[in-house]
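Below: one structure, written as structure tokens.
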Amino acid sequence: MVKEVKDVKSKLAIIKDGGKQYEVKEGLKLNLERKNVKPGDEIEFKEILLYVDGNDVKIGAPLLSGITVKAKVEGEIKAPKVTSIRFHRRTGLRVERGHRQKYTTVKVTGIITA
């Protein structure tokens with residue numbers, strides 16, 4: 001049995017940012033590693049690894065040129081606290097450390113081809 005490939009109307013891209021890869025579509029909200037930007041700013045991602053527009057698929061080797069992803073910064077959030085404990089019995093040694101990672105929230109506004 002042969003499966004038909006459905007025609008996908010939306011654009012899709014895989015971008016690289018901060019050593020991580022993200023699959024993005026228009027209108028999608030992402031939590032990226034903290035960036036030094038203000039809410040309301042526009043940012044562009046130029047490191048595109050894969051681009052899909054319907055049945056048109058472009059794969060970078062390693063990156064694609066002429067394609068950019070634009071996003072609008074919505075704000076900054078903190079992740080839940082992660083704690084680590086160092087404990088030695090009978091010696092009174094107990095060290096507890098906590099960390100809250102900060103993320104920048106962006107909303108993808110468009111995937112633009114040249």
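Simple scheme: letters A, B, ... for chains in structure tokens order, numbers from 1 for residues in each chain, numbers from 1 for ligands in the order shown.
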Can you list, as a ChimeraX atom specification, all residues belonging to chain A that DSSP tags as strand (DSSP E)?
-> /A:11-17,20-24,29-33,42-45,48-53,56-64,67-78,82-88,93-99,102-113
Write out as number ranges by chain which residues come within 12 Å of stretch 56-73 of chain A when counting only C-alpha atoms, dropping same-chain ones fewer than 6 positions away.
-> A: 7-17, 22-32, 34-50, 103-114
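By chain and then residue number, the residues within 8 Å of stretch 87-102 of chain A are A:Glu33, A:Arg34, A:Glu76, A:Ile77, A:Lys78, A:Ala79, A:Pro80, A:Lys81, A:Val82, A:Thr83, counting only C-alpha atoms and disregarding those fewer than 4 positions away in sequence.
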Would you export the selected residues with C-alpha atoms as a compact mmCIF listing (two decimals), in the first residue's frame, please?
```
# COMPACT_ATOMS: atom_id res chain seq x y z
CA GLU A 33 18.65 30.82 25.65
CA ARG A 34 18.81 34.33 27.07
CA GLU A 76 12.06 36.93 29.33
CA ILE A 77 11.12 34.03 31.61
CA LYS A 78 12.83 31.89 34.22
CA ALA A 79 12.78 28.12 34.26
CA PRO A 80 11.91 26.22 37.45
CA LYS A 81 14.69 26.05 40.02
CA VAL A 82 17.14 23.17 39.78
CA THR A 83 18.92 22.27 43.02
```
